[in-house]
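S.K.: Sharing target_18.txt below, compact mmCIF, C-alpha atoms:
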# COMPACT_ATOMS: atom_id res chain seq x y z
CA MET Z 283 -11.10 20.55 -17.91
CA THR Z 284 -7.47 19.55 -18.55
CA ALA Z 285 -6.48 20.86 -15.11
CA ALA Z 286 -9.20 18.76 -13.47
CA ILE Z 287 -8.06 15.60 -15.25
CA LEU Z 288 -4.41 16.29 -14.43
CA SER Z 289 -5.28 16.88 -10.78
CA PHE Z 290 -7.18 13.57 -10.69
CA LEU Z 291 -4.25 11.65 -12.19
CA LEU Z 292 -1.63 13.25 -9.96
CA SER Z 293 -3.54 12.68 -6.77
CA GLY Z 294 -4.47 9.09 -7.52
CA CYS Z 295 -7.63 7.35 -8.53
CA GLY Z 296 -10.56 8.67 -6.56
CA GLN Z 297 -13.11 6.39 -5.04
CA LYS Z 298 -16.49 6.98 -3.52
CA PRO Z 299 -15.65 7.74 0.11
CA ALA Z 300 -17.18 5.52 2.75
CA GLN Z 301 -17.23 6.74 6.31
CA VAL Z 302 -13.77 8.28 6.38
CA LYS Z 303 -11.79 7.61 9.52
CA LEU Z 304 -8.76 9.79 10.06
CA VAL Z 305 -5.68 7.82 11.01
CA LYS Z 306 -3.01 9.91 12.61
CA ILE Z 307 0.73 9.80 12.23
CA GLY Z 308 2.26 8.87 15.58
CA GLN Z 309 -0.70 6.71 16.62
CA PRO Z 310 -0.95 2.89 16.50
CA ALA Z 311 -1.65 1.65 12.98
CA PRO Z 312 -5.06 0.01 12.60
CA ASN Z 313 -4.65 -3.76 12.68
CA PHE Z 314 -6.16 -5.97 10.00
CA THR Z 315 -6.33 -9.64 9.11
CA LEU Z 316 -6.64 -10.34 5.38
CA THR Z 317 -5.99 -13.17 2.95
CA ASP Z 318 -3.69 -12.80 -0.04
CA THR Z 319 -4.39 -14.00 -3.57
CA GLU Z 320 -2.48 -17.22 -2.80
CA GLY Z 321 -4.72 -18.05 0.19
CA ASN Z 322 -2.24 -17.06 2.93
CA GLY Z 323 -3.50 -15.14 5.96
CA TRP Z 324 -1.81 -11.90 7.03
CA ASN Z 325 -2.21 -9.99 10.28
CA LEU Z 326 -0.47 -6.63 10.60
CA SER Z 327 0.27 -7.12 14.31
CA ASP Z 328 2.22 -10.32 13.47
CA LEU Z 329 4.76 -8.12 11.68
CA LYS Z 330 5.64 -6.03 14.74
CA GLY Z 331 9.40 -5.51 14.83
CA LYS Z 332 9.54 -4.83 11.08
CA VAL Z 333 8.90 -1.68 9.07
CA VAL Z 334 5.70 -2.45 7.16
CA PHE Z 335 4.88 -0.84 3.82
CA VAL Z 336 1.07 -0.95 3.37
CA ASN Z 337 -0.13 0.09 -0.08
CA PHE Z 338 -3.78 0.32 -1.17
CA TRP Z 339 -4.17 -0.02 -4.95
CA ALA Z 340 -6.26 -1.29 -7.87
CA THR Z 341 -5.52 -2.67 -11.33
CA TRP Z 342 -7.83 -0.09 -12.93
CA CYS Z 343 -5.77 2.79 -11.47
CA PRO Z 344 -3.04 4.17 -13.82
CA PRO Z 345 -0.98 5.83 -11.01
CA CYS Z 346 -1.06 2.52 -9.11
CA ARG Z 347 0.28 0.61 -12.09
CA GLN Z 348 2.89 3.34 -12.60
CA GLU Z 349 4.44 2.87 -9.14
CA MET Z 350 4.36 -0.95 -9.13
CA PRO Z 351 7.74 -1.55 -10.83
CA SER Z 352 9.55 0.60 -8.23
CA MET Z 353 7.62 -1.17 -5.46
CA GLN Z 354 8.82 -4.54 -6.79
CA SER Z 355 12.39 -3.25 -6.83
CA LEU Z 356 12.01 -2.00 -3.25
CA TYR Z 357 10.52 -5.32 -2.17
CA LYS Z 358 13.46 -7.23 -3.64
CA THR Z 359 16.17 -4.99 -2.15
CA MET Z 360 14.96 -4.27 1.39
CA PRO Z 361 16.10 -6.69 4.13
CA LYS Z 362 13.26 -9.19 4.70
CA GLU Z 363 14.10 -9.57 8.39
CA LYS Z 364 13.44 -5.83 8.92
CA PHE Z 365 10.93 -4.92 6.20
CA ALA Z 366 7.59 -6.25 4.96
CA MET Z 367 5.44 -5.10 2.07
CA LEU Z 368 1.69 -5.68 2.01
CA THR Z 369 -0.32 -4.44 -0.94
CA ILE Z 370 -4.07 -4.34 -0.45
CA LEU Z 371 -6.43 -4.57 -3.38
CA SER Z 372 -9.15 -1.94 -3.20
CA ASN Z 373 -12.46 -2.42 -5.04
CA ASP Z 374 -11.00 -4.74 -7.64
CA ASP Z 375 -11.03 -8.33 -8.87
CA PRO Z 376 -8.40 -10.51 -7.12
CA GLY Z 377 -8.08 -12.74 -10.20
CA ARG Z 378 -7.24 -9.76 -12.39
CA ALA Z 379 -4.66 -8.57 -9.84
CA LYS Z 380 -3.09 -12.02 -9.57
CA ASN Z 381 -2.84 -12.31 -13.37
CA MET Z 382 -1.33 -8.83 -13.67
CA ALA Z 383 1.23 -9.60 -10.95
CA ARG Z 384 2.23 -12.87 -12.61
CA LYS Z 385 2.53 -11.21 -16.03
CA MET Z 386 4.61 -8.29 -14.68
CA GLY Z 387 6.77 -10.40 -12.36
CA TYR Z 388 5.55 -8.86 -9.10
CA THR Z 389 6.29 -11.08 -6.12
CA PHE Z 390 5.05 -8.97 -3.18
CA PRO Z 391 1.91 -10.14 -1.36
CA ILE Z 392 -1.43 -8.92 -2.74
CA LEU Z 393 -4.07 -8.97 -0.01
CA GLN Z 394 -7.80 -8.94 -0.62
CA ASP Z 395 -10.05 -6.49 1.25
CA PRO Z 396 -13.45 -7.65 -0.07
CA ASP Z 397 -15.56 -5.63 2.35
CA SER Z 398 -13.17 -2.63 2.41
CA LYS Z 399 -12.78 -2.82 6.19
CA ALA Z 400 -9.01 -2.30 6.07
CA GLY Z 401 -9.36 0.58 3.62
CA THR Z 402 -12.03 2.17 5.79
CA SER Z 403 -9.96 1.74 8.96
CA TYR Z 404 -7.10 3.61 7.26
CA GLY Z 405 -9.46 6.28 5.91
CA ILE Z 406 -8.45 5.88 2.29
CA THR Z 407 -10.35 8.06 -0.16
CA GLY Z 408 -8.59 6.89 -3.31
CA VAL Z 409 -5.71 4.82 -4.58
CA PRO Z 410 -2.81 4.60 -4.42
CA GLU Z 411 -2.32 5.42 -0.76
CA THR Z 412 0.69 4.10 1.12
CA PHE Z 413 1.23 3.89 4.87
CA ILE Z 414 4.53 3.19 6.59
CA VAL Z 415 4.22 1.44 9.94
CA GLY Z 416 7.26 1.51 12.21
CA PRO Z 417 8.66 -1.58 13.93
CA ASP Z 418 6.79 -0.46 17.05
CA GLY Z 419 3.41 -0.65 15.25
CA ILE Z 420 3.08 3.13 15.11
CA LEU Z 421 1.94 4.80 11.89
CA ARG Z 422 4.92 6.85 10.68
CA GLU Z 423 4.07 8.06 7.16
CA LYS Z 424 1.11 8.46 4.81
CA ILE Z 425 1.75 9.01 1.12
CA ILE Z 426 -1.13 9.87 -1.19
CA GLY Z 427 -0.58 9.19 -4.88
CA ALA Z 428 2.10 7.34 -6.80
CA TRP Z 429 5.75 7.56 -5.77
CA ASP Z 430 9.02 6.43 -7.23
CA TRP Z 431 10.00 3.99 -4.47
CA GLU Z 432 13.53 3.74 -5.86
CA SER Z 433 14.17 7.47 -5.42
CA ALA Z 434 16.70 8.77 -2.89
CA GLN Z 435 13.86 10.55 -1.05
CA ALA Z 436 11.79 7.38 -0.70
CA LEU Z 437 14.75 5.25 0.38
CA ALA Z 438 15.89 7.85 2.94
CA MET Z 439 12.36 8.04 4.38
CA LEU Z 440 12.09 4.26 4.71
CA THR Z 441 15.58 3.52 6.01
CA GLN Z 442 15.22 5.99 8.89
CA TYR Z 443 12.74 3.55 10.45
CA ILE Z 444 14.79 0.39 9.90
CA ARG Z 445 17.00 -0.41 12.87
Could I get this structure in the form of structure tokens?
M.R.:
Amino acid sequence: MTAAILSFLLSGCGQKPAQVKLVKIGQPAPNFTLTDTEGNGWNLSDLKGKVVFVNFWATWCPPCRQEMPSMQSLYKTMPKEKFAMLTILSNDDPGRAKNMARKMGYTFPILQDPDSKAGTSYGITGVPETFIVGPDGILREKIIGAWDWESAQALAMLTQYIR
């Protein structure tokens, strides 16, 4: 029982899978148009030329909340002209996410995916899941579970795509 719970926590917060679509590294990243919790529209293709960090998460997910402080640090330190961070709320209340972000001092965009179309197009089966899109719009990395985004490994992985 303990092993099952530990496995669940380490891999992320599972969700009921919809029709899972497999996105492939080296292929164009699925485009999406979503609105953030401030009412601003975001289209992934508008960010071509930048490395885009796309993170699917939820407030009810402990591993998601665990990685958020290092994501905020990453967001503040990466060059805005070459890097964008889009976090996408998965099966959660946007008001709760907005309040949590304000309380914790998170300033990265929080996009709403009310019908889960973006999550489905990326084939997510749980949260957190992070995708790194290169400046050319090609999917470069997929990370399942929480990461320390301030670690040398994470920074080396990201900076290899920034020109």
S.K.: Per residue of region 347-384 of chain Z within 8 Å of region 305-327 of chain Z, record the nearest atom pair and its distance in Å to one decimal, counting all atoms listed in the file, with rows in chain order and ascending residue number, as a tab-separated table.
M.R.:
residue	atom	partner	partner_atom	distance
Z:Pro376	CA	Z:Thr319	CA	6.4
Z:Gly377	CA	Z:Thr319	CA	7.7
Z:Lys380	CA	Z:Thr319	CA	6.5
S.K.: Name the closest residue to Lys362 (chain Z) among the candidates Z:Pro345, Z:Gly419, Z:Tyr388, Z:Val333; distances are taken between atoms, counting only C-alpha atoms.
M.R.: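 Residue with the minimum atom-to-atom distance to Lys362 (chain Z): Z:Val333.
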S.K.: Grab the CA of Val415 (chain Z) to CA of Ala400 (chain Z) distance for me, in Å with one decimal place.
M.R.: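 Distance between the two atoms: 14.3 Å.
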S.K.: Quick one: everything within 12 Å of Phe335 (chain Z), counting only C-alpha atoms, minus sequence neighbours fewer than 3 positions away in the same chain. Send it as a ChimeraX atom specification.
M.R.: /Z:311,326,329,332,338,353-354,356-357,360,362,364-370,390-391,411-417,419,421-425,431,436,439-441,443-444
S.K.: Kindly give the distance, in Å, that separates CA of Gly331 (chain Z) and CA of Asp418 (chain Z), rounded to a single decimal.
M.R.: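 Taking CA of Gly331 (chain Z) and CA of Asp418 (chain Z), their separation equals 6.1 Å.
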S.K.: Which one is closest to Lys330 (chain Z): Z:Gln394, Z:Arg384, Z:Ser372, Z:Glu363? Count all atoms listed in the file.
M.R.: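 Counting all atoms listed in the file, the residue closest to Lys330 (chain Z) is Z:Glu363.
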S.K.: Could you work out how far CA of Pro351 (chain Z) lies from CA of Ala434 (chain Z), giving the answer in Å with one decimal?
M.R.: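 Separating CA of Ala434 (chain Z) from CA of Pro351 (chain Z) is a distance of 15.8 Å.
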S.K.: Since the input lacks some atoms of region 311-342 of chain Z, please model N, CA and C atoms and print them as a CSV table (one decimal), in the frame of the given file.
M.R.:
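The resulting part.csv:
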chain,number,residue,atom,x,y,z
Z,311,ALA,N,-1.0,1.9,14.3
Z,311,ALA,CA,-1.6,1.6,13.0
Z,311,ALA,C,-2.8,0.7,13.2
Z,312,PRO,N,-3.9,0.9,12.5
Z,312,PRO,CA,-5.1,0.0,12.6
Z,312,PRO,C,-4.7,-1.4,12.2
Z,313,ASN,N,-5.0,-2.4,13.0
Z,313,ASN,CA,-4.6,-3.8,12.7
Z,313,ASN,C,-5.7,-4.3,11.7
Z,314,PHE,N,-5.3,-5.3,10.9
Z,314,PHE,CA,-6.2,-6.0,10.0
Z,314,PHE,C,-5.7,-7.4,9.8
Z,315,THR,N,-6.6,-8.3,9.5
Z,315,THR,CA,-6.3,-9.6,9.1
Z,315,THR,C,-7.0,-9.9,7.7
Z,316,LEU,N,-6.2,-10.2,6.7
Z,316,LEU,CA,-6.6,-10.3,5.4
Z,316,LEU,C,-6.0,-11.6,4.8
Z,317,THR,N,-6.5,-12.0,3.7
Z,317,THR,CA,-6.0,-13.2,3.0
Z,317,THR,C,-5.4,-12.7,1.6
Z,318,ASP,N,-4.3,-13.2,1.2
Z,318,ASP,CA,-3.7,-12.8,0.0
Z,318,ASP,C,-4.3,-13.6,-1.2
Z,319,THR,N,-3.9,-13.3,-2.4
Z,319,THR,CA,-4.4,-14.0,-3.6
Z,319,THR,C,-3.9,-15.4,-3.7
Z,320,GLU,N,-3.0,-15.8,-2.8
Z,320,GLU,CA,-2.5,-17.2,-2.8
Z,320,GLU,C,-3.1,-18.0,-1.7
Z,321,GLY,N,-4.0,-17.4,-0.9
Z,321,GLY,CA,-4.7,-18.0,0.2
Z,321,GLY,C,-4.0,-18.0,1.6
Z,322,ASN,N,-2.9,-17.2,1.7
Z,322,ASN,CA,-2.2,-17.1,2.9
Z,322,ASN,C,-2.9,-15.9,3.7
Z,323,GLY,N,-3.0,-16.2,5.1
Z,323,GLY,CA,-3.5,-15.1,6.0
Z,323,GLY,C,-2.4,-14.2,6.4
Z,324,TRP,N,-2.7,-12.9,6.6
Z,324,TRP,CA,-1.8,-11.9,7.0
Z,324,TRP,C,-2.5,-11.1,8.1
Z,325,ASN,N,-1.7,-10.8,9.2
Z,325,ASN,CA,-2.2,-10.0,10.3
Z,325,ASN,C,-1.1,-9.0,10.5
Z,326,LEU,N,-1.5,-7.7,10.4
Z,326,LEU,CA,-0.5,-6.6,10.6
Z,326,LEU,C,0.3,-6.8,11.9
Z,327,SER,N,-0.4,-7.1,13.0
Z,327,SER,CA,0.3,-7.1,14.3
Z,327,SER,C,1.3,-8.2,14.4
Z,328,ASP,N,1.2,-9.3,13.5
Z,328,ASP,CA,2.2,-10.3,13.5
Z,328,ASP,C,3.6,-9.8,12.9
Z,329,LEU,N,3.5,-8.7,12.3
Z,329,LEU,CA,4.8,-8.1,11.7
Z,329,LEU,C,5.5,-7.1,12.6
Z,330,LYS,N,5.0,-7.0,13.8
Z,330,LYS,CA,5.6,-6.0,14.7
Z,330,LYS,C,7.1,-6.4,14.8
Z,331,GLY,N,8.0,-5.3,14.8
Z,331,GLY,CA,9.4,-5.5,14.8
Z,331,GLY,C,10.0,-5.2,13.5
Z,332,LYS,N,9.1,-5.2,12.4
Z,332,LYS,CA,9.5,-4.8,11.1
Z,332,LYS,C,8.9,-3.5,10.7
Z,333,VAL,N,9.5,-2.8,9.7
Z,333,VAL,CA,8.9,-1.7,9.1
Z,333,VAL,C,8.0,-2.3,8.1
Z,334,VAL,N,6.7,-1.9,8.1
Z,334,VAL,CA,5.7,-2.4,7.2
Z,334,VAL,C,5.2,-1.4,6.2
Z,335,PHE,N,5.3,-1.7,4.9
Z,335,PHE,CA,4.9,-0.8,3.8
Z,335,PHE,C,3.5,-1.4,3.4
Z,336,VAL,N,2.5,-0.6,3.7
Z,336,VAL,CA,1.1,-1.0,3.4
Z,336,VAL,C,0.6,-0.1,2.2
Z,337,ASN,N,0.3,-0.7,1.1
Z,337,ASN,CA,-0.1,0.1,-0.1
Z,337,ASN,C,-1.5,-0.4,-0.6
Z,338,PHE,N,-2.4,0.6,-0.6
Z,338,PHE,CA,-3.8,0.3,-1.2
Z,338,PHE,C,-3.8,0.7,-2.7
Z,339,TRP,N,-4.3,-0.2,-3.5
Z,339,TRP,CA,-4.2,0.0,-5.0
Z,339,TRP,C,-5.3,-0.8,-5.7
Z,340,ALA,N,-5.3,-0.6,-7.0
Z,340,ALA,CA,-6.3,-1.3,-7.9
Z,340,ALA,C,-5.7,-1.4,-9.3
Z,341,THR,N,-6.0,-2.5,-10.0
Z,341,THR,CA,-5.5,-2.7,-11.3
Z,341,THR,C,-6.0,-1.6,-12.3
Z,342,TRP,N,-7.2,-1.1,-12.0
Z,342,TRP,CA,-7.8,-0.1,-12.9
Z,342,TRP,C,-7.3,1.3,-12.7
